[in-house]
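Text of run29.csv (CSV, C-alpha atoms and all ligand atoms) as supplied:
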chain,number,residue,atom,x,y,z
A,12,MET,CA,34.6,-8.7,41.3
A,13,SER,CA,32.1,-11.2,39.9
A,14,CYS,CA,29.4,-8.7,40.5
A,15,LEU,CA,31.3,-6.2,38.4
A,16,ILE,CA,31.8,-8.7,35.7
A,17,ASN,CA,28.1,-9.5,35.7
A,18,GLN,CA,27.3,-5.8,35.4
A,19,ASP,CA,29.8,-5.4,32.6
A,20,TYR,CA,28.2,-8.3,30.7
A,21,ILE,CA,24.8,-6.8,31.1
A,22,ILE,CA,26.0,-3.4,29.9
A,23,ILE,CA,28.0,-4.9,26.9
A,24,ASN,CA,25.0,-7.1,26.0
A,25,LEU,CA,22.7,-4.1,26.2
A,26,ILE,CA,25.0,-2.1,23.9
A,27,TYR,CA,25.2,-4.9,21.4
A,28,LEU,CA,21.5,-5.5,21.6
A,29,THR,CA,20.8,-1.9,20.8
A,30,LYS,CA,23.3,-2.0,17.9
A,31,PHE,CA,21.8,-5.2,16.6
A,32,LEU,CA,18.2,-3.9,16.7
A,33,THR,CA,19.4,-0.8,14.8
A,34,ILE,CA,21.1,-3.0,12.1
A,35,ILE,CA,17.8,-5.0,11.8
A,36,THR,CA,16.0,-1.8,11.3
A,37,ILE,CA,18.4,-0.6,8.6
A,38,LEU,CA,18.3,-4.0,6.8
A,39,ASP,CA,14.6,-3.9,7.0
A,40,ILE,CA,14.4,-0.8,4.9
A,41,THR,CA,16.8,-1.8,2.2
A,42,PHE,CA,15.2,-2.7,-1.2
A,43,GLY,CA,16.7,-5.4,-3.4
A,44,GLU,CA,17.6,-4.6,-7.0
A,45,GLN,CA,15.9,-7.3,-9.2
A,46,TYR,CA,12.5,-8.8,-9.1
A,47,TYR,CA,11.4,-11.8,-11.1
A,48,ILE,CA,8.5,-12.5,-8.8
A,49,MET,CA,5.7,-10.4,-7.3
A,50,GLN,CA,6.9,-9.1,-4.0
A,51,ILE,CA,4.8,-7.6,-1.2
A,52,ARG,CA,6.3,-5.4,1.5
A,53,LEU,CA,4.7,-4.0,4.6
A,54,TRP,CA,5.7,-0.4,5.5
A,55,GLY,CA,3.0,0.5,8.0
A,56,VAL,CA,0.7,-1.9,9.8
A,57,ARG,CA,-0.9,0.2,12.6
A,58,GLY,CA,-4.5,1.2,12.3
A,59,SER,CA,-6.2,4.6,12.9
A,60,LEU,CA,-3.3,6.5,14.4
A,61,PRO,CA,0.5,6.2,14.5
A,62,SER,CA,1.5,4.7,17.8
A,63,PRO,CA,5.3,4.4,18.4
A,64,ILE,CA,6.5,2.3,21.3
A,65,ASN,CA,6.8,4.3,24.5
A,66,ASN,CA,9.5,4.3,27.2
A,67,GLU,CA,7.5,2.1,29.5
A,68,GLU,CA,7.0,-0.6,26.9
A,69,TYR,CA,10.7,-0.3,25.7
A,70,THR,CA,12.0,-0.7,29.3
A,71,GLY,CA,9.6,-3.6,29.9
A,72,LYS,CA,11.0,-5.4,26.8
A,73,LEU,CA,14.6,-4.7,27.9
A,74,ASN,CA,14.0,-6.0,31.4
A,75,ARG,CA,12.5,-9.2,30.1
A,76,ILE,CA,15.2,-9.7,27.5
A,77,LEU,CA,18.0,-9.2,30.1
A,78,ASP,CA,16.2,-11.5,32.5
A,79,LEU,CA,16.2,-14.2,29.8
A,80,ALA,CA,19.9,-13.4,29.1
A,81,ILE,CA,20.7,-14.1,32.7
A,82,THR,CA,18.6,-17.2,32.9
A,83,ASN,CA,20.2,-18.5,29.7
A,84,GLN,CA,23.7,-17.6,31.0
A,85,LEU,CA,24.5,-15.6,27.9
A,86,LYS,CA,28.2,-14.8,28.4
A,87,SER,CA,29.8,-14.1,25.0
A,88,LYS,CA,29.2,-11.7,22.2
A,89,GLU,CA,29.2,-14.5,19.7
A,90,ASN,CA,26.1,-16.0,21.2
A,91,ILE,CA,24.1,-12.7,21.1
A,92,ASN,CA,22.6,-13.3,17.6
A,93,SER,CA,21.4,-16.8,18.3
A,94,PHE,CA,20.0,-15.6,21.7
A,95,LEU,CA,18.1,-12.8,20.0
A,96,SER,CA,16.7,-15.0,17.2
A,97,ASN,CA,15.2,-17.3,19.9
A,98,LEU,CA,13.4,-14.6,21.7
A,99,PRO,CA,9.6,-14.6,21.5
A,100,ASP,CA,8.3,-12.4,18.7
A,101,GLU,CA,7.0,-9.7,21.1
A,102,LEU,CA,10.5,-9.2,22.5
A,103,ARG,CA,12.4,-9.8,19.3
A,104,TYR,CA,10.5,-7.2,17.3
A,105,VAL,CA,8.4,-4.2,17.5
A,106,PHE,CA,5.3,-4.8,15.4
A,107,GLY,CA,5.3,-1.2,14.3
A,108,GLY,CA,3.7,2.2,14.9
A,109,ASP,CA,3.4,3.6,11.4
A,110,THR,CA,0.0,3.6,9.6
A,111,THR,CA,-1.0,1.8,6.5
A,112,CYS,CA,1.4,1.6,3.5
A,113,VAL,CA,2.2,-1.5,1.5
A,114,THR,CA,4.2,-2.0,-1.7
A,115,VAL,CA,3.6,-4.5,-4.4
A,116,THR,CA,6.6,-4.9,-6.7
A,117,SER,CA,5.6,-6.6,-10.0
A,118,ASP,CA,7.9,-9.2,-11.6
A,119,SER,CA,9.1,-6.5,-14.0
A,120,GLY,CA,10.2,-4.3,-11.0
A,121,ASN,CA,7.5,-1.7,-11.1
A,122,ILE,CA,6.3,-0.5,-7.7
A,123,TYR,CA,2.7,-0.1,-6.7
A,124,ILE,CA,2.1,1.6,-3.4
A,125,ILE,CA,-1.1,1.0,-1.6
A,126,ASP,CA,-2.1,3.9,0.6
A,127,CYS,CA,-0.1,6.8,2.0
A,128,GLY,CA,-0.1,6.3,5.8
A,129,THR,CA,2.9,7.3,7.8
A,130,GLY,CA,4.7,4.1,6.7
A,131,ILE,CA,5.2,5.8,3.3
A,132,ARG,CA,7.9,8.1,4.8
A,133,ARG,CA,10.5,5.4,5.2
A,134,LEU,CA,9.6,4.0,1.8
A,135,GLY,CA,10.2,7.5,0.3
A,136,ASN,CA,13.6,7.6,1.9
A,137,VAL,CA,14.6,4.3,0.3
A,138,LEU,CA,13.2,5.3,-3.1
A,139,MET,CA,15.2,8.5,-3.0
A,140,ASP,CA,18.4,6.3,-3.2
A,141,GLY,CA,17.2,5.1,-6.6
A,142,ASP,CA,15.5,6.8,-9.6
A,143,CYS,CA,13.3,9.0,-7.4
A,144,GLY,CA,16.3,10.8,-6.1
A,145,LYS,CA,17.3,11.7,-9.7
A,146,GLY,CA,13.8,12.8,-10.8
A,147,LYS,CA,13.3,9.7,-12.9
A,148,GLY,CA,10.9,7.9,-10.6
A,149,ASN,CA,7.6,6.6,-12.0
A,150,LEU,CA,5.4,5.5,-9.1
A,151,ASN,CA,1.9,4.1,-8.9
A,152,ILE,CA,-0.2,4.8,-5.8
A,153,MET,CA,-3.5,3.0,-5.2
A,154,ILE,CA,-5.9,4.6,-2.7
A,155,THR,CA,-8.2,2.4,-0.6
A,156,HIS,CA,-10.0,5.4,1.0
A,157,ASN,CA,-9.2,8.8,2.3
A,158,HIS,CA,-9.2,8.5,6.1
A,159,TRP,CA,-6.2,10.3,7.7
A,160,ASP,CA,-4.3,7.2,8.7
A,161,HIS,CA,-4.2,6.3,5.0
A,162,LEU,CA,-3.0,9.7,3.7
A,163,GLN,CA,-1.1,11.5,6.3
A,164,GLY,CA,2.4,10.2,5.3
A,165,LEU,CA,2.1,11.9,1.9
A,166,PRO,CA,3.6,15.3,2.9
A,167,PHE,CA,6.7,13.4,4.2
A,168,PHE,CA,7.1,11.3,1.1
A,169,ARG,CA,10.2,12.9,-0.4
A,170,PRO,CA,9.8,11.8,-4.0
A,171,ILE,CA,6.8,14.2,-4.4
A,172,TYR,CA,9.2,17.2,-4.0
A,173,VAL,CA,11.6,16.1,-6.8
A,174,PRO,CA,10.9,17.6,-10.3
A,175,GLY,CA,10.7,14.8,-13.0
A,176,ASN,CA,9.2,12.2,-10.7
A,177,ILE,CA,5.8,11.0,-11.9
A,178,LEU,CA,3.1,9.9,-9.5
A,179,ASN,CA,0.2,7.9,-11.0
A,180,PHE,CA,-2.7,7.8,-8.6
A,181,TYR,CA,-5.3,5.1,-9.0
A,182,SER,CA,-8.5,5.6,-7.0
A,183,PRO,CA,-12.2,4.7,-7.0
A,184,TYR,CA,-13.0,8.2,-5.9
A,185,LYS,CA,-13.8,10.8,-8.5
A,186,LYS,CA,-12.6,13.7,-6.3
A,187,GLN,CA,-9.3,12.0,-5.4
A,188,GLN,CA,-7.2,15.0,-6.6
A,189,GLU,CA,-9.3,17.4,-4.5
A,190,TYR,CA,-9.0,15.1,-1.4
A,191,LEU,CA,-5.2,15.0,-1.6
A,192,GLU,CA,-4.9,18.7,-2.2
A,193,ASN,CA,-7.2,19.5,0.7
A,194,GLN,CA,-5.3,17.4,3.3
A,195,MET,CA,-2.0,19.1,2.4
A,196,SER,CA,-2.8,22.7,2.4
A,197,SER,CA,-2.8,25.8,4.7
A,198,PRO,CA,-3.1,25.9,7.7
A,199,TYR,CA,-2.4,22.2,8.1
A,200,PHE,CA,0.9,22.0,6.3
A,201,PRO,CA,3.4,24.7,5.1
A,202,ALA,CA,3.6,23.3,1.5
A,203,THR,CA,0.6,22.6,-0.8
A,204,PHE,CA,0.3,19.3,-2.6
A,205,GLN,CA,-0.3,20.9,-6.0
A,206,GLY,CA,2.8,23.1,-5.3
A,207,THR,CA,5.2,20.2,-5.0
A,208,ALA,CA,7.5,19.7,-8.0
A,209,SER,CA,6.6,16.2,-9.1
A,210,THR,CA,4.0,15.4,-11.8
A,211,LYS,CA,0.7,14.0,-10.7
A,212,LYS,CA,-1.6,11.9,-12.8
A,213,TYR,CA,-5.0,10.7,-11.7
A,214,ASN,CA,-6.7,7.5,-12.9
A,215,PHE,CA,-10.2,6.8,-11.8
A,216,ILE,CA,-11.1,3.2,-11.3
A,217,GLU,CA,-14.8,2.6,-12.1
A,218,HIS,CA,-16.4,0.7,-9.2
A,219,ALA,CA,-18.7,-1.3,-11.4
A,220,ARG,CA,-16.1,-2.4,-13.9
A,221,THR,CA,-16.4,-6.1,-14.5
A,222,THR,CA,-13.0,-6.8,-16.0
A,223,PRO,CA,-9.8,-6.3,-14.1
A,224,LEU,CA,-7.7,-3.2,-14.9
A,225,GLN,CA,-4.6,-4.1,-16.9
A,226,LEU,CA,-1.5,-2.5,-15.4
A,227,GLU,CA,1.2,-4.4,-17.3
A,228,GLU,CA,1.2,-7.1,-19.9
A,229,ASP,CA,0.5,-9.8,-17.3
A,230,LEU,CA,-0.4,-7.7,-14.2
A,231,PHE,CA,-4.0,-7.0,-13.4
A,232,VAL,CA,-5.8,-5.4,-10.6
A,233,SER,CA,-9.5,-5.5,-9.4
A,234,ILE,CA,-11.2,-3.5,-6.6
A,235,TYR,CA,-14.0,-4.5,-4.3
A,236,PRO,CA,-16.2,-2.3,-2.1
A,237,LEU,CA,-15.9,-2.8,1.7
A,238,LYS,CA,-18.1,-2.0,4.6
A,239,HIS,CA,-16.5,1.0,6.3
A,240,PRO,CA,-17.6,4.5,7.3
A,241,GLN,CA,-17.3,6.7,4.1
A,242,GLY,CA,-16.5,3.5,2.2
A,243,CYS,CA,-13.2,1.7,1.4
A,244,PHE,CA,-12.0,-0.6,-1.4
A,245,ALA,CA,-10.0,-3.8,-1.4
A,246,TYR,CA,-7.3,-4.3,-4.1
A,247,LYS,CA,-6.6,-7.6,-5.7
A,248,PHE,CA,-3.3,-7.9,-7.7
A,249,MET,CA,-3.0,-10.9,-10.1
A,250,GLN,CA,0.2,-11.9,-11.9
A,251,ASN,CA,1.4,-15.3,-13.2
A,252,ASN,CA,-1.6,-17.1,-11.6
A,253,LYS,CA,-0.7,-15.6,-8.2
A,254,THR,CA,-3.1,-13.4,-6.2
A,255,PHE,CA,-2.4,-10.8,-3.6
A,256,ILE,CA,-5.4,-9.1,-1.9
A,257,PHE,CA,-5.2,-6.1,0.4
A,258,ALA,CA,-8.4,-5.5,2.4
A,259,THR,CA,-8.4,-2.9,5.2
A,260,ASP,CA,-10.4,-1.0,6.6
A,261,THR,CA,-13.4,-3.3,6.6
A,262,GLU,CA,-16.0,-4.7,8.9
A,263,PHE,CA,-16.5,-8.4,8.2
A,264,THR,CA,-19.1,-10.3,10.2
A,265,GLY,CA,-20.8,-13.7,10.0
A,266,GLU,CA,-23.1,-12.2,7.4
A,267,THR,CA,-20.0,-11.5,5.1
A,268,ILE,CA,-19.4,-15.3,4.9
A,269,GLU,CA,-23.0,-16.2,4.7
A,270,SER,CA,-23.9,-13.7,2.0
A,271,SER,CA,-21.0,-15.2,-0.1
A,272,GLY,CA,-21.8,-14.5,-3.8
A,273,ASP,CA,-19.5,-11.7,-5.1
A,274,THR,CA,-17.5,-11.4,-1.8
A,275,THR,CA,-16.5,-15.1,-1.9
A,276,LYS,CA,-15.7,-14.8,-5.6
A,277,PHE,CA,-13.4,-11.9,-5.0
A,278,PHE,CA,-11.5,-13.4,-2.0
A,279,LYS,CA,-11.6,-17.1,-2.8
A,280,ASN,CA,-8.2,-18.9,-3.0
A,281,ALA,CA,-6.1,-15.8,-2.6
A,282,ASP,CA,-2.4,-16.7,-2.1
A,283,ILE,CA,-1.9,-13.8,0.3
A,284,LEU,CA,-4.6,-11.8,2.0
A,285,VAL,CA,-3.6,-8.8,4.2
A,286,LEU,CA,-6.8,-8.3,6.2
A,287,ASP,CA,-8.1,-5.9,8.8
A,288,ALA,CA,-8.1,-7.7,12.2
A,289,GLN,CA,-8.1,-4.7,14.6
A,290,TYR,CA,-10.5,-5.9,17.2
A,291,THR,CA,-11.1,-8.7,19.6
A,292,LEU,CA,-14.5,-10.4,19.1
A,293,ASN,CA,-15.9,-8.5,22.2
A,294,GLU,CA,-14.7,-5.2,20.8
A,295,ALA,CA,-16.2,-5.9,17.4
A,296,PHE,CA,-19.6,-6.2,19.1
A,297,LEU,CA,-19.1,-3.1,21.2
A,298,LYS,CA,-17.9,-1.2,18.1
A,299,ALA,CA,-20.4,-2.4,15.6
A,300,ASP,CA,-20.4,-0.1,12.5
A,301,TRP,CA,-16.9,1.4,13.3
A,302,GLY,CA,-15.7,-0.4,10.2
A,303,HIS,CA,-13.1,-2.9,11.5
A,304,THR,CA,-13.0,-6.7,11.8
A,305,SER,CA,-12.2,-8.9,14.8
A,306,TYR,CA,-9.2,-11.3,14.5
A,307,THR,CA,-11.7,-14.2,15.1
A,308,MET,CA,-13.8,-13.2,12.1
A,309,ALA,CA,-10.7,-12.5,10.0
A,310,VAL,CA,-9.6,-16.1,10.6
A,311,ASN,CA,-13.2,-17.3,9.8
A,312,CYS,CA,-13.3,-15.4,6.6
A,313,ALA,CA,-9.8,-16.4,5.4
A,314,THR,CA,-10.3,-20.1,6.1
A,315,ASN,CA,-13.8,-20.1,4.6
A,316,TRP,CA,-12.3,-18.6,1.4
A,317,SER,CA,-9.4,-21.1,1.4
A,318,VAL,CA,-6.9,-18.3,1.5
A,319,LYS,CA,-3.4,-19.7,1.6
A,320,LYS,CA,-1.8,-17.0,3.8
A,321,LEU,CA,-3.6,-14.6,6.1
A,322,ILE,CA,-1.7,-11.6,7.4
A,323,MET,CA,-3.6,-9.7,10.1
A,324,THR,CA,-3.1,-6.0,10.1
A,325,HIS,CA,-4.4,-2.5,11.0
A,326,HIS,CA,-3.4,-3.1,14.6
A,327,GLU,CA,-5.4,-1.3,17.3
A,328,PRO,CA,-3.3,1.8,18.3
A,329,ALA,CA,-4.1,1.2,22.0
A,330,TYR,CA,-2.5,-2.2,21.9
A,331,SER,CA,1.1,-3.0,23.0
A,332,ASP,CA,3.2,-5.6,21.3
A,333,ASP,CA,2.4,-8.0,24.2
A,334,ILE,CA,-1.4,-7.6,23.6
A,335,LEU,CA,-1.0,-8.0,19.8
A,336,GLN,CA,1.0,-11.2,20.3
A,337,GLU,CA,-1.6,-12.5,22.8
A,338,ASN,CA,-4.4,-11.8,20.3
A,339,TYR,CA,-2.4,-13.5,17.6
A,340,LEU,CA,-1.9,-16.6,19.6
A,341,LEU,CA,-5.6,-16.6,20.4
A,342,ALA,CA,-6.3,-16.3,16.6
A,343,LEU,CA,-4.1,-19.4,16.0
A,344,GLU,CA,-6.0,-21.2,18.7
A,345,HIS,CA,-9.2,-20.3,17.1
A,346,ALA,CA,-8.0,-21.5,13.7
A,347,GLU,CA,-7.0,-24.9,15.3
A,348,LEU,CA,-10.6,-25.3,16.5
A,349,LEU,CA,-11.8,-25.0,12.9
A,350,SER,CA,-11.7,-28.2,10.8
A,351,ASP,CA,-9.7,-28.5,7.6
A,352,VAL,CA,-7.7,-25.4,8.0
A,353,ASN,CA,-4.9,-25.0,5.6
A,354,THR,CA,-4.5,-21.3,6.0
A,355,GLU,CA,-1.2,-20.0,7.3
A,356,ILE,CA,-1.8,-17.1,9.7
A,357,LEU,CA,0.7,-14.3,10.5
A,358,LEU,CA,0.7,-11.1,12.4
A,359,ALA,CA,1.7,-8.1,10.2
A,360,ARG,CA,5.0,-6.4,11.2
A,361,GLU,CA,6.7,-3.5,9.6
A,362,GLY,CA,9.4,-4.6,7.2
A,363,MET,CA,7.9,-8.0,6.5
A,364,ILE,CA,8.5,-9.1,2.9
A,365,PHE,CA,6.6,-11.8,1.0
A,366,ASP,CA,7.5,-13.3,-2.4
A,367,LEU,CA,4.8,-14.6,-4.7
B,401,ZN,ZN,-7.4,2.9,8.7
B,402,ZN,ZN,-10.7,4.0,7.6
Output the file's structure as structure tokens, nothing else.
Amino acid sequence: MSCLINQDYIIINLIYLTKFLTIITILDITFGEQYYIMQIRLWGVRGSLPSPINNEEYTGKLNRILDLAITNQLKSKENINSFLSNLPDELRYVFGGDTTCVTVTSDSGNIYIIDCGTGIRRLGNVLMDGDCGKGKGNLNIMITHNHWDHLQGLPFFRPIYVPGNILNFYSPYKKQQEYLENQMSSPYFPATFQGTASTKKYNFIEHARTTPLQLEEDLFVSIYPLKHPQGCFAYKFMQNNKTFIFATDTEFTGETIESSGDTTKFFKNADILVLDAQYTLNEAFLKADWGHTSYTMAVNCATNWSVKKLIMTHHEPAYSDDILQENYLLALEHAELLSDVNTEILLAREGMIFDL
């Protein structure tokens, strides 16, 4: 009898756990209505290739969660939420399999999308519940570079198919229109980009411009060239004396810090820096010139530049949540070894929201 009860508990807990994780996911993709502050939201944090969790990893997580449930004698539905909230991050969450997409919402509520990786698909679904679903959307899309993992979500971004929606692309590449049209064309996709019903506008950002681009009365953006095959650019948003920098894909090394000059000037004192931290230090040596940064170097750079909050992103597609968490803890350990560190360090996770 007690054995049956235990089994029932496990099954009931499993059902509620699944429901709870689903609710978390739904809540994670819901936008608020009003913005009086700059808000940053992560929609895709995986590097190079989408990499959803597989059955083996999922089952492994469930096993460990249920093991903890038994150890902690979880016996009532009422305690499930507090039990889940006390799980270690690698069990409580999935860090995410979608590739790069981030939104910056200005204090006036305008949305600036950085990159069109597969994370943009869920963003599009949410936007369709608002003005974009009525053909009244006016979106700004900033492009860091044109590697697949930063463009491939675009064909699945529903707002592009709605007449009346306006997409303002901002890019440091003169051929940006051509690049977008080429990657969404026959035989790679059944619809062409230029054939979709929305209106597209292209704004070239001059690399060498010395003054920031003014997007709104008090919102400015600057770009900065990064070391990456075929190039890439960081974007720095500035509003109300707050600074948000997005910098991936980039290969920062000791030379980056030592060369200082313009690089330091661009990154110094950022309130939030979302930075490429794809590799371990060993991998970074083995994969020199592949265009990505080790988490160790990401910490070195951010602390050297007095960044207030570092968010490590562009996760290696081969890494499970366990390995990502392991590397994250090692990054924290590394930061502790550095003196005078006031930088908060976080691991990027889909659905994370930061207010500035
Ligand atoms: Zn990438
Ligand atoms: Zn790239």
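CA of Met249 (chain A) is found 11.9 Å from CA of Asn280 (chain A).
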Residue contacts of Glu337 (chain A) (12 Å, only C-alpha atoms) excluding same-chain residues fewer than 4 positions away, as a ChimeraX atom specification: /A:99-101,291,306,330-333,341-344,358
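Between CA of Ile131 (chain A) and CA of Ser119 (chain A) there is a distance of 21.6 Å.
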Test item: residues at most 12 Å from Ala313 (chain A), all atoms listed in the file, excluding those fewer than 6 positions along its chain, as a PyMOL selection string: chain A and resi 256+258+263+267-268+274-275+277-288+306-307+319-323+342+346+349+352-357
For the selection just defined, write its residues with C-alpha atoms to a file, as a CSV table (one decimal), in the frame of the given file.
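Okay, part.csv is ready:
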chain,number,residue,atom,x,y,z
A,256,ILE,CA,-5.4,-9.1,-1.9
A,258,ALA,CA,-8.4,-5.5,2.4
A,263,PHE,CA,-16.5,-8.4,8.2
A,267,THR,CA,-20.0,-11.5,5.1
A,268,ILE,CA,-19.4,-15.3,4.9
A,274,THR,CA,-17.5,-11.4,-1.8
A,275,THR,CA,-16.5,-15.1,-1.9
A,277,PHE,CA,-13.4,-11.9,-5.0
A,278,PHE,CA,-11.5,-13.4,-2.0
A,279,LYS,CA,-11.6,-17.1,-2.8
A,280,ASN,CA,-8.2,-18.9,-3.0
A,281,ALA,CA,-6.1,-15.8,-2.6
A,282,ASP,CA,-2.4,-16.7,-2.1
A,283,ILE,CA,-1.9,-13.8,0.3
A,284,LEU,CA,-4.6,-11.8,2.0
A,285,VAL,CA,-3.6,-8.8,4.2
A,286,LEU,CA,-6.8,-8.3,6.2
A,287,ASP,CA,-8.1,-5.9,8.8
A,288,ALA,CA,-8.1,-7.7,12.2
A,306,TYR,CA,-9.2,-11.3,14.5
A,307,THR,CA,-11.7,-14.2,15.1
A,319,LYS,CA,-3.4,-19.7,1.6
A,320,LYS,CA,-1.8,-17.0,3.8
A,321,LEU,CA,-3.6,-14.6,6.1
A,322,ILE,CA,-1.7,-11.6,7.4
A,323,MET,CA,-3.6,-9.7,10.1
A,342,ALA,CA,-6.3,-16.3,16.6
A,346,ALA,CA,-8.0,-21.5,13.7
A,349,LEU,CA,-11.8,-25.0,12.9
A,352,VAL,CA,-7.7,-25.4,8.0
A,353,ASN,CA,-4.9,-25.0,5.6
A,354,THR,CA,-4.5,-21.3,6.0
A,355,GLU,CA,-1.2,-20.0,7.3
A,356,ILE,CA,-1.8,-17.1,9.7
A,357,LEU,CA,0.7,-14.3,10.5
Output as a Markdown table one row per residue of chain A within 7 Å of ligand ZN 402 (chain B): the closest atom pair and its distance in Å to one decimal place, counting all atoms listed in the file, sorted by chain and residue number ascending.
| residue | atom | partner | partner_atom | distance |
| --- | --- | --- | --- | --- |
| A:Ser59 | CA | B:ZN402 | ZN | 7.0 |
| A:His156 | CA | B:ZN402 | ZN | 6.8 |
| A:His158 | CA | B:ZN402 | ZN | 5.0 |
| A:His239 | CA | B:ZN402 | ZN | 6.7 |
| A:Pro240 | CA | B:ZN402 | ZN | 6.9 |
| A:Asp260 | CA | B:ZN402 | ZN | 5.1 |
So that I have them on file, write out the residues from the current selection with C-alpha atoms, as a PDB file, keeping the file's coordinate frame.
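Saved result, again21.pdb, follows:
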ATOM      1  CA  SER A  59      -6.200   4.600  12.900  1.00  0.00           C
ATOM      2  CA  HIS A 156     -10.000   5.400   1.000  1.00  0.00           C
ATOM      3  CA  HIS A 158      -9.200   8.500   6.100  1.00  0.00           C
ATOM      4  CA  HIS A 239     -16.500   1.000   6.300  1.00  0.00           C
ATOM      5  CA  PRO A 240     -17.600   4.500   7.300  1.00  0.00           C
ATOM      6  CA  ASP A 260     -10.400  -1.000   6.600  1.00  0.00           C
TER       7      ASP A 260
END
Contacts with ligand ZN 401 (chain B) at most 12 Å, only C-alpha atoms and all ligand atoms counted, listed as a ChimeraX atom specification: /A:55-61,109-112,126-129,154-163,239-244,258-262,286-289,301-304,324-328
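Rounded to one decimal, CA of Thr222 (chain A) and CA of Asn252 (chain A) lie 16.0 Å from each other.
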